[in-house]
Each structure stands twice: as structure tokens, then as C-alpha cells.
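Trainee: Coordinates in my_file_14.csv, CSV, C-alpha atoms, are listed below.
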```csv
chain,number,residue,atom,x,y,z
A,171,MET,CA,31.5,-24.6,-0.7
A,172,PRO,CA,28.2,-24.0,1.1
A,173,ARG,CA,26.4,-20.8,0.2
A,174,ARG,CA,26.8,-18.0,2.6
A,175,GLN,CA,23.4,-16.6,3.6
A,176,LEU,CA,22.3,-13.6,5.7
A,177,GLY,CA,21.7,-14.2,9.4
A,178,ARG,CA,18.1,-13.7,10.6
A,179,PRO,CA,18.4,-10.1,11.9
A,180,ALA,CA,20.1,-9.0,8.7
A,181,ALA,CA,17.7,-11.0,6.6
A,182,PHE,CA,14.7,-9.3,8.4
A,183,TRP,CA,16.0,-5.8,7.5
A,184,ALA,CA,16.9,-6.9,4.0
A,185,VAL,CA,13.3,-8.1,3.5
A,186,ALA,CA,12.0,-4.8,4.9
A,187,VAL,CA,14.2,-2.8,2.4
A,188,LEU,CA,13.0,-4.9,-0.5
A,189,LEU,CA,9.4,-4.4,0.5
A,190,VAL,CA,9.9,-0.7,0.6
A,191,LEU,CA,11.6,-0.9,-2.9
A,192,VAL,CA,8.6,-2.7,-4.4
A,193,LEU,CA,6.1,-0.3,-2.8
A,194,ALA,CA,8.2,2.7,-4.0
A,195,ALA,CA,8.0,1.3,-7.5
A,196,SER,CA,4.3,1.1,-7.3
A,197,GLY,CA,4.1,4.7,-6.1
A,198,VAL,CA,6.3,6.1,-8.9
A,199,PRO,CA,3.5,6.4,-11.5
A,200,SER,CA,1.3,8.7,-9.3
A,201,PRO,CA,3.1,12.0,-10.1
A,202,LEU,CA,3.6,10.8,-13.7
A,203,TYR,CA,-0.1,10.4,-14.4
A,204,ARG,CA,-0.5,14.1,-15.2
A,205,VAL,CA,2.5,13.9,-17.6
A,206,TYR,CA,1.0,10.9,-19.4
A,207,ALA,CA,-2.4,12.5,-19.5
A,208,GLU,CA,-0.9,15.6,-21.2
A,209,GLN,CA,1.2,13.5,-23.6
A,210,PHE,CA,-1.5,11.0,-24.6
A,211,GLY,CA,-4.6,13.3,-24.2
A,212,PHE,CA,-6.9,11.7,-21.6
A,213,GLY,CA,-8.8,13.1,-18.7
A,214,SER,CA,-9.5,12.1,-15.0
A,215,GLY,CA,-11.9,9.3,-15.9
A,216,LEU,CA,-9.3,7.4,-18.0
A,217,LEU,CA,-6.6,8.4,-15.5
A,218,THR,CA,-8.3,6.6,-12.7
A,219,VAL,CA,-8.8,3.5,-15.0
A,220,VAL,CA,-5.0,3.5,-15.6
A,221,PHE,CA,-4.6,3.7,-11.8
A,222,ALA,CA,-7.2,1.2,-11.0
A,223,VAL,CA,-6.1,-1.6,-13.3
A,224,TYR,CA,-3.0,-1.9,-11.2
A,225,ALA,CA,-5.0,-2.4,-8.0
A,226,LEU,CA,-7.4,-4.8,-9.6
A,227,ALA,CA,-4.5,-6.9,-11.1
A,228,LEU,CA,-2.9,-6.8,-7.7
A,229,LEU,CA,-6.1,-8.1,-6.2
A,230,VAL,CA,-6.3,-11.0,-8.7
A,231,SER,CA,-2.7,-11.9,-7.8
A,232,LEU,CA,-3.4,-11.8,-4.1
A,233,LEU,CA,-6.4,-14.1,-4.6
A,234,VAL,CA,-4.5,-16.6,-6.8
A,235,VAL,CA,-0.9,-16.7,-5.5
A,236,GLY,CA,-1.2,-14.7,-2.2
A,237,GLY,CA,-0.7,-17.9,-0.2
A,238,LEU,CA,1.6,-19.8,-2.5
A,239,SER,CA,4.7,-19.1,-0.5
A,240,ASP,CA,3.2,-21.0,2.4
A,241,HIS,CA,3.6,-24.1,0.3
A,242,VAL,CA,6.6,-23.6,-2.0
A,243,GLY,CA,8.7,-21.3,0.2
A,244,ARG,CA,9.2,-17.6,0.3
A,245,ARG,CA,12.3,-17.3,-1.9
A,246,PRO,CA,11.0,-18.7,-5.3
A,247,VAL,CA,7.8,-16.6,-5.1
A,248,LEU,CA,9.8,-13.4,-4.3
A,249,ALA,CA,12.4,-13.9,-6.9
A,250,ALA,CA,9.9,-14.7,-9.7
A,251,ALA,CA,7.8,-11.7,-8.7
A,252,LEU,CA,10.8,-9.3,-8.7
A,253,VAL,CA,11.6,-10.4,-12.2
A,254,LEU,CA,8.0,-9.7,-13.2
A,255,GLU,CA,8.3,-6.3,-11.6
A,256,ALA,CA,11.3,-5.6,-13.7
A,257,VAL,CA,9.3,-6.5,-16.8
A,258,SER,CA,6.7,-4.0,-15.9
A,259,MET,CA,9.4,-1.3,-15.6
A,260,VAL,CA,10.5,-2.1,-19.1
A,261,LEU,CA,6.9,-1.8,-20.3
A,262,PHE,CA,6.8,1.7,-18.7
A,263,LEU,CA,10.0,2.6,-20.5
A,264,ALA,CA,8.5,1.6,-23.9
A,265,ALA,CA,5.1,3.3,-23.3
A,266,ASP,CA,3.9,5.5,-26.1
A,267,GLY,CA,0.2,5.3,-25.5
A,268,VAL,CA,-2.5,4.4,-23.0
A,269,GLY,CA,-2.4,0.7,-24.0
A,270,TRP,CA,1.2,0.4,-22.9
A,271,LEU,CA,0.4,2.1,-19.6
A,272,LEU,CA,-2.4,-0.3,-19.0
A,273,ALA,CA,-0.2,-3.3,-19.8
A,274,ALA,CA,2.6,-2.0,-17.6
A,275,ARG,CA,0.3,-1.4,-14.6
A,276,VAL,CA,-1.4,-4.8,-15.0
A,277,VAL,CA,2.0,-6.6,-15.0
A,278,GLN,CA,3.1,-4.5,-12.0
A,279,GLY,CA,-0.1,-5.3,-10.2
A,280,PHE,CA,0.4,-9.0,-10.6
A,281,ALA,CA,4.0,-8.7,-9.4
A,282,THR,CA,3.2,-6.6,-6.4
A,283,GLY,CA,0.3,-8.9,-5.4
A,284,ALA,CA,2.5,-11.9,-5.5
A,285,MET,CA,5.1,-10.3,-3.3
A,286,THR,CA,2.8,-8.6,-0.8
A,287,GLY,CA,1.9,-11.8,1.2
A,288,ALA,CA,5.3,-13.4,0.8
A,289,PHE,CA,7.2,-10.3,2.0
A,290,GLY,CA,4.8,-9.8,4.9
A,291,ALA,CA,5.0,-13.4,5.9
A,292,ALA,CA,8.8,-13.4,5.7
A,293,LEU,CA,8.9,-10.5,8.1
A,294,LEU,CA,6.8,-12.4,10.6
A,295,ASP,CA,9.0,-15.5,10.1
A,296,LEU,CA,12.2,-13.6,10.7
A,297,GLN,CA,11.2,-11.3,13.5
A,298,ARG,CA,12.7,-11.9,17.0
A,299,ALA,CA,10.2,-13.3,19.4
A,300,GLU,CA,11.3,-11.0,22.2
A,301,LYS,CA,10.9,-7.9,19.9
A,302,PRO,CA,8.3,-8.6,17.2
A,303,LEU,CA,8.7,-5.8,14.7
A,304,GLY,CA,6.9,-7.6,11.8
A,305,PRO,CA,3.5,-5.9,12.3
A,306,LEU,CA,5.2,-2.5,12.6
A,307,VAL,CA,7.2,-2.9,9.4
A,308,ASN,CA,4.2,-4.4,7.5
A,309,SER,CA,2.1,-1.4,8.5
A,310,ALA,CA,4.7,1.3,8.0
A,311,ALA,CA,6.2,0.1,4.7
A,312,PRO,CA,3.2,0.9,2.4
A,313,GLY,CA,3.1,4.6,3.3
A,314,PHE,CA,6.9,5.0,3.4
A,315,GLY,CA,7.4,3.2,0.1
A,316,LEU,CA,4.6,4.9,-1.8
A,317,SER,CA,5.9,8.3,-0.5
A,318,LEU,CA,9.5,7.6,-1.5
A,319,GLY,CA,8.4,6.5,-5.0
A,320,ALA,CA,6.0,9.4,-5.6
A,321,VAL,CA,8.4,12.1,-4.4
A,322,GLY,CA,11.4,10.6,-6.2
A,323,ALA,CA,9.4,10.6,-9.5
A,324,GLY,CA,8.1,14.1,-8.8
A,325,MET,CA,11.7,15.3,-8.4
A,326,ALA,CA,12.8,13.5,-11.6
A,327,VAL,CA,10.0,15.1,-13.6
A,328,GLU,CA,11.0,18.6,-12.4
A,329,TRP,CA,14.8,18.2,-12.6
A,330,LEU,CA,15.8,15.5,-15.1
A,331,PRO,CA,15.7,15.8,-18.9
A,332,ALA,CA,14.4,12.3,-19.5
A,333,PRO,CA,12.6,11.4,-16.2
A,334,THR,CA,10.8,8.2,-17.3
A,335,ASP,CA,14.0,6.8,-18.7
A,336,TRP,CA,16.0,7.5,-15.5
A,337,VAL,CA,13.3,6.3,-13.1
A,338,PHE,CA,12.2,3.1,-14.9
A,339,GLY,CA,15.7,2.2,-16.0
A,340,THR,CA,17.0,2.4,-12.5
A,341,LEU,CA,14.1,0.4,-11.1
A,342,THR,CA,14.6,-2.3,-13.7
A,343,ALA,CA,18.2,-2.8,-12.6
A,344,LEU,CA,17.3,-2.7,-8.9
A,345,CYS,CA,14.5,-5.3,-9.3
A,346,LEU,CA,16.7,-7.7,-11.2
A,347,ALA,CA,19.5,-7.3,-8.7
A,348,ALA,CA,17.1,-7.9,-5.8
A,349,ALA,CA,15.8,-11.1,-7.4
A,350,GLY,CA,19.4,-12.4,-7.6
A,351,GLY,CA,20.0,-11.4,-4.0
A,352,VAL,CA,16.8,-13.2,-2.8
A,353,LEU,CA,18.0,-16.4,-4.4
A,354,VAL,CA,21.6,-16.2,-3.2
A,355,LEU,CA,21.5,-14.5,0.2
A,356,LEU,CA,18.1,-14.8,1.7
A,357,PRO,CA,17.5,-17.8,4.0
A,358,GLU,CA,14.3,-19.8,3.3
A,359,THR,CA,11.9,-19.4,6.3
A,360,SER,CA,8.9,-21.5,5.2
A,361,PRO,CA,9.3,-25.2,4.5
A,362,ARG,CA,7.6,-26.8,1.5
A,363,THR,CA,4.2,-28.2,2.4
A,364,PRO,CA,1.5,-30.0,0.3
A,365,GLY,CA,-1.3,-28.1,-1.3
A,366,ALA,CA,0.5,-25.7,-3.7
A,367,LEU,CA,-1.8,-26.3,-6.6
A,368,ALA,CA,-4.9,-26.2,-4.5
A,369,SER,CA,-3.8,-22.8,-3.1
A,370,LEU,CA,-4.0,-21.3,-6.6
A,371,ARG,CA,-7.8,-21.5,-6.6
A,372,PRO,CA,-8.9,-17.9,-6.1
A,373,SER,CA,-9.9,-17.5,-2.5
A,374,VAL,CA,-9.6,-15.4,0.6
A,375,HIS,CA,-8.5,-17.5,3.5
A,376,VAL,CA,-8.6,-16.2,7.1
A,377,PRO,CA,-7.7,-18.9,9.7
A,378,PRO,CA,-10.5,-19.6,12.1
A,379,ALA,CA,-8.6,-18.2,15.1
A,380,GLN,CA,-8.1,-14.8,13.3
A,381,ARG,CA,-11.7,-14.4,11.8
A,382,ARG,CA,-13.2,-12.4,14.6
A,383,ALA,CA,-10.2,-10.0,14.6
A,384,PHE,CA,-10.4,-9.7,10.8
A,385,VAL,CA,-14.1,-8.6,11.0
A,386,VAL,CA,-13.2,-6.1,13.7
A,387,VAL,CA,-10.5,-4.4,11.7
A,388,LEU,CA,-12.2,-4.5,8.3
A,389,PRO,CA,-13.9,-1.1,8.4
A,390,CYS,CA,-10.7,0.5,9.5
A,391,LEU,CA,-8.8,-1.1,6.6
A,392,VAL,CA,-11.3,0.1,4.0
A,393,ALA,CA,-11.6,3.6,5.3
A,394,THR,CA,-7.9,4.4,5.5
A,395,TRP,CA,-6.9,2.7,2.2
A,396,ALA,CA,-9.8,4.4,0.4
A,397,LEU,CA,-8.3,7.8,1.2
A,398,GLY,CA,-4.9,6.5,0.1
A,399,GLY,CA,-6.4,5.5,-3.2
A,400,LEU,CA,-7.9,9.0,-3.8
A,401,TYR,CA,-4.6,10.7,-3.1
A,402,ALA,CA,-2.6,8.2,-5.2
A,403,SER,CA,-4.9,8.6,-8.2
A,404,LEU,CA,-6.2,12.2,-8.1
A,405,GLY,CA,-4.1,14.0,-5.4
A,406,PRO,CA,-1.8,15.7,-7.9
A,407,SER,CA,-4.7,16.6,-10.1
A,408,LEU,CA,-6.5,18.2,-7.1
A,409,VAL,CA,-3.5,20.4,-6.5
A,410,SER,CA,-3.5,21.4,-10.1
A,411,THR,CA,-7.2,21.8,-10.7
A,412,VAL,CA,-8.5,23.2,-7.4
A,413,TYR,CA,-5.5,25.2,-6.4
A,414,GLY,CA,-3.9,26.0,-9.8
A,415,VAL,CA,-0.4,24.7,-8.8
A,416,GLN,CA,1.2,23.1,-11.9
A,417,ASP,CA,4.5,22.0,-10.2
A,418,HIS,CA,4.7,18.2,-10.4
A,419,LEU,CA,6.9,18.1,-7.3
A,420,VAL,CA,4.2,19.9,-5.3
A,421,GLY,CA,1.6,17.3,-6.5
A,422,SER,CA,3.8,14.5,-5.4
A,423,LEU,CA,4.3,16.1,-2.0
A,424,VAL,CA,0.6,15.6,-1.4
A,425,VAL,CA,1.2,11.9,-1.6
A,426,LEU,CA,4.1,12.3,0.8
A,427,ALA,CA,2.0,14.4,3.2
A,428,LEU,CA,-0.5,11.5,3.6
A,429,ASN,CA,1.6,8.4,3.3
A,430,GLY,CA,4.9,9.6,4.7
A,431,THR,CA,3.4,10.7,8.0
A,432,GLY,CA,1.8,7.2,8.2
A,433,LEU,CA,5.3,6.0,9.1
A,434,VAL,CA,5.4,8.6,12.0
A,435,GLY,CA,1.9,7.4,13.1
A,436,SER,CA,3.0,3.8,13.2
A,437,LEU,CA,6.2,4.5,15.1
A,438,GLY,CA,4.5,6.8,17.6
A,439,MET,CA,1.9,4.1,18.5
A,440,ARG,CA,4.1,1.0,18.4
A,441,GLY,CA,4.0,0.5,22.2
A,442,VAL,CA,0.2,1.0,22.5
A,443,ALA,CA,-2.3,-1.8,22.7
A,444,PRO,CA,-3.7,-2.6,19.2
A,445,ALA,CA,-7.3,-1.8,20.0
A,446,ARG,CA,-6.3,1.6,21.4
A,447,ALA,CA,-4.1,2.3,18.5
A,448,MET,CA,-6.9,1.6,16.1
A,449,VAL,CA,-9.4,3.8,18.0
A,450,VAL,CA,-7.1,6.7,18.4
A,451,GLY,CA,-5.9,6.4,14.8
A,452,ALA,CA,-9.4,6.2,13.3
A,453,LEU,CA,-10.5,9.3,15.2
A,454,VAL,CA,-7.4,11.3,14.2
A,455,PHE,CA,-7.8,10.1,10.7
A,456,ALA,CA,-11.5,11.2,10.6
A,457,GLY,CA,-10.5,14.6,11.9
A,458,GLY,CA,-7.8,14.9,9.2
A,459,VAL,CA,-10.3,14.0,6.4
A,460,ALA,CA,-12.7,16.6,7.8
A,461,GLY,CA,-9.9,19.1,7.4
A,462,THR,CA,-9.4,18.0,3.8
A,463,VAL,CA,-13.1,18.6,3.0
A,464,THR,CA,-12.9,22.0,4.7
A,465,ALA,CA,-9.7,22.9,2.7
A,466,LEU,CA,-11.4,22.1,-0.6
A,467,ALA,CA,-14.5,24.2,0.4
A,468,VAL,CA,-12.5,27.3,1.4
A,469,GLY,CA,-9.7,26.9,-1.2
A,470,SER,CA,-6.8,26.7,1.2
A,471,LEU,CA,-3.8,24.8,-0.1
A,472,ALA,CA,-2.0,25.1,3.3
A,473,LEU,CA,-4.9,23.6,5.1
A,474,PHE,CA,-5.1,20.9,2.5
A,475,PHE,CA,-1.5,19.8,3.3
A,476,VAL,CA,-2.0,20.1,7.0
A,477,ALA,CA,-5.1,17.9,6.8
A,478,ALA,CA,-3.2,15.4,4.7
A,479,VAL,CA,-0.5,15.2,7.4
A,480,VAL,CA,-3.1,14.7,10.2
A,481,SER,CA,-4.9,12.0,8.1
A,482,GLY,CA,-1.6,10.3,7.5
A,483,LEU,CA,-0.8,10.2,11.3
A,484,GLY,CA,-4.2,8.6,11.9
A,485,PHE,CA,-3.7,6.1,9.0
A,486,GLY,CA,-0.4,4.9,10.4
A,487,SER,CA,-1.7,4.4,13.9
A,488,ALA,CA,-4.9,2.7,12.8
A,489,PHE,CA,-3.2,0.4,10.3
A,490,LEU,CA,-0.6,-0.6,12.9
A,491,GLY,CA,-3.3,-1.5,15.4
A,492,ALA,CA,-5.2,-3.4,12.8
A,493,MET,CA,-2.2,-5.4,11.6
A,494,ALA,CA,-1.1,-6.2,15.1
A,495,THR,CA,-4.6,-7.4,16.0
A,496,VAL,CA,-5.2,-9.6,13.0
A,497,THR,CA,-1.8,-11.3,12.9
A,498,ARG,CA,-1.5,-12.1,16.6
A,499,GLY,CA,-1.0,-15.8,17.1
A,500,VAL,CA,-1.3,-16.8,13.4
A,501,GLU,CA,0.4,-20.1,12.6
A,502,PRO,CA,3.6,-20.0,10.4
A,503,GLY,CA,2.0,-22.0,7.6
A,504,ALA,CA,-1.0,-19.6,7.4
A,505,ARG,CA,0.8,-16.3,7.5
A,506,ALA,CA,1.0,-15.5,3.8
A,507,GLY,CA,-2.6,-16.4,3.2
A,508,LEU,CA,-3.8,-14.3,6.1
A,509,LEU,CA,-1.8,-11.3,4.9
A,510,ALA,CA,-3.1,-11.8,1.4
A,511,ALA,CA,-6.6,-11.5,2.8
A,512,VAL,CA,-5.8,-8.4,4.8
A,513,PHE,CA,-4.3,-6.7,1.7
A,514,THR,CA,-7.1,-7.9,-0.5
A,515,ALA,CA,-9.5,-6.0,1.7
A,516,SER,CA,-7.2,-3.0,1.8
A,517,TYR,CA,-6.7,-2.8,-2.0
A,518,LEU,CA,-10.4,-3.2,-2.6
A,519,GLY,CA,-10.8,-0.1,-0.5
A,520,PHE,CA,-7.8,1.4,-2.3
A,521,SER,CA,-9.2,0.8,-5.9
A,522,LEU,CA,-12.9,0.6,-6.2
A,523,PRO,CA,-13.8,3.9,-4.5
A,524,ALA,CA,-11.1,5.7,-6.6
A,525,ILE,CA,-12.6,4.3,-9.8
A,526,ALA,CA,-16.0,5.5,-8.8
A,527,ALA,CA,-14.5,8.9,-7.9
A,528,GLY,CA,-12.8,9.2,-11.4
A,529,ILE,CA,-16.1,8.5,-13.1
A,530,ALA,CA,-18.1,10.8,-10.8
A,531,ALA,CA,-15.5,13.6,-11.4
A,532,THR,CA,-16.5,13.8,-15.1
A,533,HIS,CA,-20.1,14.7,-14.0
A,534,LEU,CA,-19.7,16.4,-10.7
A,535,GLY,CA,-16.3,18.0,-11.0
A,536,LEU,CA,-13.1,17.0,-9.2
A,537,GLU,CA,-13.6,19.3,-6.2
A,538,ARG,CA,-17.2,18.3,-5.4
A,539,THR,CA,-16.3,14.6,-5.9
A,540,ALA,CA,-13.4,14.8,-3.5
A,541,GLN,CA,-15.6,16.5,-0.9
A,542,LEU,CA,-18.3,13.7,-1.1
A,543,TYR,CA,-15.6,11.1,-1.1
A,544,GLY,CA,-14.1,12.6,2.1
A,545,ALA,CA,-17.5,12.6,3.8
A,546,GLY,CA,-18.0,8.9,3.0
A,547,VAL,CA,-14.6,8.0,4.4
A,548,ILE,CA,-15.3,9.9,7.6
A,549,ALA,CA,-18.5,8.0,8.1
A,550,LEU,CA,-16.8,4.7,7.6
A,551,ALA,CA,-14.0,5.6,10.0
A,552,LEU,CA,-16.6,6.5,12.7
A,553,VAL,CA,-18.3,3.2,12.0
A,554,ALA,CA,-15.0,1.5,12.6
A,555,VAL,CA,-14.6,3.3,16.0
A,556,ALA,CA,-18.1,2.3,17.0
A,557,GLY,CA,-17.5,-1.3,16.1
A,558,LEU,CA,-14.1,-1.4,18.0
A,559,ALA,CA,-15.7,0.1,21.1
A,560,VAL,CA,-18.2,-2.7,21.1
A,561,GLN,CA,-16.1,-5.6,20.1
A,562,ARG,CA,-12.5,-5.0,21.2
A,563,ARG,CA,-11.0,-7.4,23.7
A,564,ARG,CA,-10.4,-6.3,27.3
A,565,PRO,CA,-7.1,-4.2,27.5
A,566,ALA,CA,-5.5,-6.7,29.8
A,567,ALA,CA,-5.7,-9.5,27.2
A,568,VAL,CA,-4.1,-7.5,24.4
A,569,PRO,CA,-0.3,-7.1,24.0
A,570,ALA,CA,1.5,-4.1,22.7
A,571,ALA,CA,1.1,-3.2,19.0
A,572,GLY,CA,4.7,-3.1,17.9
```
Any chance you could give the structure as C-alpha cells?

Mentor:
Amino acid sequence: MPRRQLGRPAAFWAVAVLLVLVLAASGVPSPLYRVYAEQFGFGSGLLTVVFAVYALALLVSLLVVGGLSDHVGRRPVLAAALVLEAVSMVLFLAADGVGWLLAARVVQGFATGAMTGAFGAALLDLQRAEKPLGPLVNSAAPGFGLSLGAVGAGMAVEWLPAPTDWVFGTLTALCLAAAGGVLVLLPETSPRTPGALASLRPSVHVPPAQRRAFVVVLPCLVATWALGGLYASLGPSLVSTVYGVQDHLVGSLVVLALNGTGLVGSLGMRGVAPARAMVVGALVFAGGVAGTVTALAVGSLALFFVAAVVSGLGFGSAFLGAMATVTRGVEPGARAGLLAAVFTASYLGFSLPAIAAGIAATHLGLERTAQLYGAGVIALALVAVAGLAVQRRRPAAVPAAG
């Protein structure tokens, strides 16, 4: 009997749900960093190292296997990476020291990097030509997934007797079930093509037709993801250190305030031309970060949350515009490689500045470091706006963003 697979519309949304699941799993450790720091006795410098090894492992994975699914198909890459994700969850379950945490985050980074390009490319493969939702889902999923994972973990810490067992045990089961579902139910959308071994050479490949657009959106990617990295690594610690709020759920809500509203920003700008979405988003984002710097200076937790919401709205709009711009017209056999390049740039912005912030915090203090970090992000966002104003295409030549 032939295997019954999902139709293209159902498969599209199944892939979207799995992408959110994977990103939620990557967001789960954020509110747990403070718990681990208290249990294992390490400070903000080592905390950002634990955070950063995930992003660096993800980058290596993107560079090595980011385009592999263009050659061997989406399903085998996704299924293998989901199993590897489950292994990382088991390592978190077994963690009794910093070494285990580092190992778990490295394995999780490799798994997430392998899936990022493949999931994103599958969404572009499966979207309807008359209603292309791939860029919208690709831009909205990171913020929504990270928020879901962070808030879920924060609630578990506050309300469950053994939060790490519940969280990582559940995610282990979900990832293994998802791997089986990918192999059995998901249709293959990318035929096998030669060059699989050659694609494993570490590289960032942007197809010639998309290179100009990639350069245009690059400052926008780095600015927005750099702020996301600060919130993911040190956001809960800022709430605790600067404002004296020890509640783990409140710390995780900071991540939600930034990343969750990114989904609203993406949805709100989905019918707007990509260049306009990027310009508006980058300006709103810069205003929100300015509010964050002010909130740290005056000691207002309420303003800190409001500023995070505004920054998140700008993030979502700007990232949607960037994603729609850079993926327009990309050939099917180059989709995973292009998205790997986009997320390589994004995660470099996500990780390296956060590492520097963790090191600087040991010398300058967490509050001062966050203020300087915010000023740098604002400057980069304004550079992105200036570059877009000069280089963007004429509005008549640009289709809607979502």
C-alpha cells in the first residue's frame, strides 16, 4: 500500500509548526540560565559563554550542512537533525555541571543549524504561488518560537517541582515524534542533485541574483539579531540585577516582550513593500532601543518592558522586509543555501556581540554594558536605514512583503 502523505497546504503548516517547536526548544534555556548559575556557581561572563557556544555551534552547522538539503532532499536532513535535537535534550536532563551544559548547547546548536536552512527552504517549496507565505513564516517563527520556549520554561521554574525534568523530557519526546512524522508524512519537495559532498565544505553561498539584496539587508539583520542576543543571554539577569526582581517568570517575560511582539510586527507589515517594511521597522526598532537605554538610566522596569515591546515590533517588520527582499526570485535548488547565509549573518549578530557584552559586564557592570550595547545597536539600525534609502529599488518594482 502506498504511503499516505500530507497534501501541500497541510505540509506547509506542519513544517511551520515544527520550525516553531525547534526554535522554542532553543529558547527554553534562557530563563534557566539563572537557575544553572545559582546551582553551579558561575557569573555573567561564563553565562554568556554557555549561551554563545550554542550560537557558534549553530553557525558551524549552517556553514557545513546549511545547504545539504538542496542536494539530498529536505526530509533526511530534517529527520536526522530532529533526532540530534532530542539528544541535546537528554544532555540537558543529565546536566550536573557547566561541562554538561556546554555539551548540550553545542549539540543543540548543530541540530538547529542543520534544520534552519532546510525548514526555511521547505516553507518556500510548499507555499502557494498566489499567496506566498514562506517569507512571513520564516521571519515570524524565530520570535514566536523563542518566546514560547522562554515563557514556558519560566512558568515551569515557578510552578513545577522538577522543571528541568518536565521541560526537557517533554521536548525529547516531541522531537523524536517529529522526526518520525517527517519521514512518514512529509512529502519530499527537493529532488536529489549532484554536489552533496562538495556542499559540506564550509562556505556561505549567496546566488549572484540575490547578492545585491543580501548586502542591502545585512546591517538590518545584524542590528536586530544583536539585540535579540542580548535579551536571550542577559535579559533575565538585567531584570534581577538592575531592577531587583527575582521572579523567573518576569525574567522570561522580557524575552516575550521583545520576541513575541516580533510576530505582531511581521503580521502588521505583511502587505507592505519589503523596502518600506525594512525602513519603518528599523526606525521603530531604533526608537525602542533608545527607550531601553533610557529605562536602564532612570531605573524604570515599566519603561523597560514598553521599550522591549516597541523594539520587538520594529524587529518583526524589519526582518520580514529583509527576508522578503533577499528570497525574491531565488531558484529552488539554491533556497537552503541562501537561507543558511541569511541566518549565518543573523546568528553572528546574535552571538558575538552578546559574548562581548558578557565579558564587558564583568568590568563595567551589567547596566552600563547594556546601555553601551544599546547605543551601538541604534547606530547600526540607523546605518541600515541610510543604506536602504540610497540603495532600495523603486517602489513600483517591489512586490508586497508577505

Trainee: Using only C-alpha atoms, can you tell me which of A:Ala402, A:Val392, A:Val450, A:Ala194 comes closest to Phe314 of chain A?

Mentor: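 So, comparing all the options, the nearest one is A:Ala194.
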
Trainee: Return the single residue from A:Leu355, A:Leu176, A:Val260, A:Gly484 that is closest to Asp335 of chain A, with distances computed using all atoms listed in the file.

Mentor: A:Val260

Trainee: When you count all atoms listed in the file, which of these residues is closest to Val198 of chain A: A:Leu433, A:Val512, A:Ala326, A:Ala284?

Mentor: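 Nearest candidate to Val198 of chain A out of A:Leu433, A:Val512, A:Ala326, A:Ala284: A:Ala326.
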
Trainee: Within 7 Å of segment 302-306 of chain A, counting only C-alpha atoms, which residues show up once you throw out same-chain ones fewer than 5 positions away? Write them as a PyMOL selection string, please.

Mentor: chain A and resi 293-294+297+436+440+490+493-494+572

Trainee: For the atom pair atom CA of Glu537 of chain A and atom CA of Cys390 of chain A, what is the interatomic distance in Å to one decimal place?

Mentor: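 Going from atom CA of Glu537 of chain A over to atom CA of Cys390 of chain A covers 24.7 Å.
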
Trainee: Which residue is closest to Thr431 of chain A? Choose from A:Ala540, A:Val479, A:Leu188, A:Val257 and count only C-alpha atoms.

Mentor: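 For Thr431 of chain A, the nearest of the candidates is A:Val479.
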
Trainee: With distances taken over only C-alpha atoms, which residue among A:Ala510, A:Ala545, A:Val205, A:Leu388 lies nearest Leu232 of chain A?

Mentor: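 Looking only at the distances to Leu232 of chain A, the closest residue turns out to be A:Ala510.
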
Trainee: Restricting the calculation to only C-alpha atoms, which member of A:Pro357, A:Pro372, A:Ala511, A:Tyr517 is positioned closest to Val223 of chain A?

Mentor: A:Tyr517

Trainee: Interatomic distance between atom CA of Ser360 of chain A and atom CA of Leu229 of chain A?

Mentor: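 Taking atom CA of Ser360 of chain A and atom CA of Leu229 of chain A, their separation equals 23.1 Å.
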
Trainee: Render segment 394-440 of chain A from the structure in the preceding block as a file of C-alpha atoms, as a PDB file, in the first residue's frame.

Mentor:
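selection-v3.pdb, freshly written:
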```
ATOM      1  CA  THR A 394      18.016  43.345  15.113  1.00  0.00           C
ATOM      2  CA  TRP A 395      19.551  39.998  15.983  1.00  0.00           C
ATOM      3  CA  ALA A 396      22.234  41.621  18.153  1.00  0.00           C
ATOM      4  CA  LEU A 397      19.519  42.972  20.444  1.00  0.00           C
ATOM      5  CA  GLY A 398      17.853  39.559  20.446  1.00  0.00           C
ATOM      6  CA  GLY A 399      21.129  38.025  21.595  1.00  0.00           C
ATOM      7  CA  LEU A 400      21.427  40.492  24.468  1.00  0.00           C
ATOM      8  CA  TYR A 401      17.910  39.744  25.696  1.00  0.00           C
ATOM      9  CA  ALA A 402      18.291  35.971  25.305  1.00  0.00           C
ATOM     10  CA  SER A 403      21.564  35.831  27.224  1.00  0.00           C
ATOM     11  CA  LEU A 404      21.324  38.643  29.786  1.00  0.00           C
ATOM     12  CA  GLY A 405      17.698  39.845  29.724  1.00  0.00           C
ATOM     13  CA  PRO A 406      16.540  37.907  32.826  1.00  0.00           C
ATOM     14  CA  SER A 407      19.762  38.891  34.622  1.00  0.00           C
ATOM     15  CA  LEU A 408      19.095  42.576  33.844  1.00  0.00           C
ATOM     16  CA  VAL A 409      15.649  42.285  35.416  1.00  0.00           C
ATOM     17  CA  SER A 410      17.189  40.683  38.502  1.00  0.00           C
ATOM     18  CA  THR A 411      20.313  42.860  38.831  1.00  0.00           C
ATOM     19  CA  VAL A 412      19.088  46.300  37.727  1.00  0.00           C
ATOM     20  CA  TYR A 413      15.500  46.164  38.971  1.00  0.00           C
ATOM     21  CA  GLY A 414      15.817  43.656  41.831  1.00  0.00           C
ATOM     22  CA  VAL A 415      13.044  41.353  40.553  1.00  0.00           C
ATOM     23  CA  GLN A 416      13.928  37.728  41.328  1.00  0.00           C
ATOM     24  CA  ASP A 417      10.834  36.090  39.799  1.00  0.00           C
ATOM     25  CA  HIS A 418      11.959  33.784  36.972  1.00  0.00           C
ATOM     26  CA  LEU A 419       8.677  34.216  35.106  1.00  0.00           C
ATOM     27  CA  VAL A 420       9.138  38.000  34.989  1.00  0.00           C
ATOM     28  CA  GLY A 421      12.630  37.455  33.581  1.00  0.00           C
ATOM     29  CA  SER A 422      11.270  35.229  30.830  1.00  0.00           C
ATOM     30  CA  LEU A 423       8.562  37.793  30.017  1.00  0.00           C
ATOM     31  CA  VAL A 424      11.339  40.163  28.942  1.00  0.00           C
ATOM     32  CA  VAL A 425      12.199  37.699  26.167  1.00  0.00           C
ATOM     33  CA  LEU A 426       8.492  37.507  25.277  1.00  0.00           C
ATOM     34  CA  ALA A 427       8.179  41.308  25.221  1.00  0.00           C
ATOM     35  CA  LEU A 428      10.875  41.528  22.549  1.00  0.00           C
ATOM     36  CA  ASN A 429      10.449  38.351  20.524  1.00  0.00           C
ATOM     37  CA  GLY A 430       6.719  37.798  20.902  1.00  0.00           C
ATOM     38  CA  THR A 431       5.820  41.211  19.548  1.00  0.00           C
ATOM     39  CA  GLY A 432       8.089  40.483  16.587  1.00  0.00           C
ATOM     40  CA  LEU A 433       5.275  38.234  15.360  1.00  0.00           C
ATOM     41  CA  VAL A 434       2.846  41.167  15.569  1.00  0.00           C
ATOM     42  CA  GLY A 435       5.288  43.374  13.667  1.00  0.00           C
ATOM     43  CA  SER A 436       5.619  40.791  10.901  1.00  0.00           C
ATOM     44  CA  LEU A 437       1.866  40.286  10.561  1.00  0.00           C
ATOM     45  CA  GLY A 438       1.186  44.004  10.629  1.00  0.00           C
ATOM     46  CA  MET A 439       3.550  44.712   7.717  1.00  0.00           C
ATOM     47  CA  ARG A 440       2.915  41.649   5.565  1.00  0.00           C
TER      48      ARG A 440
END
```
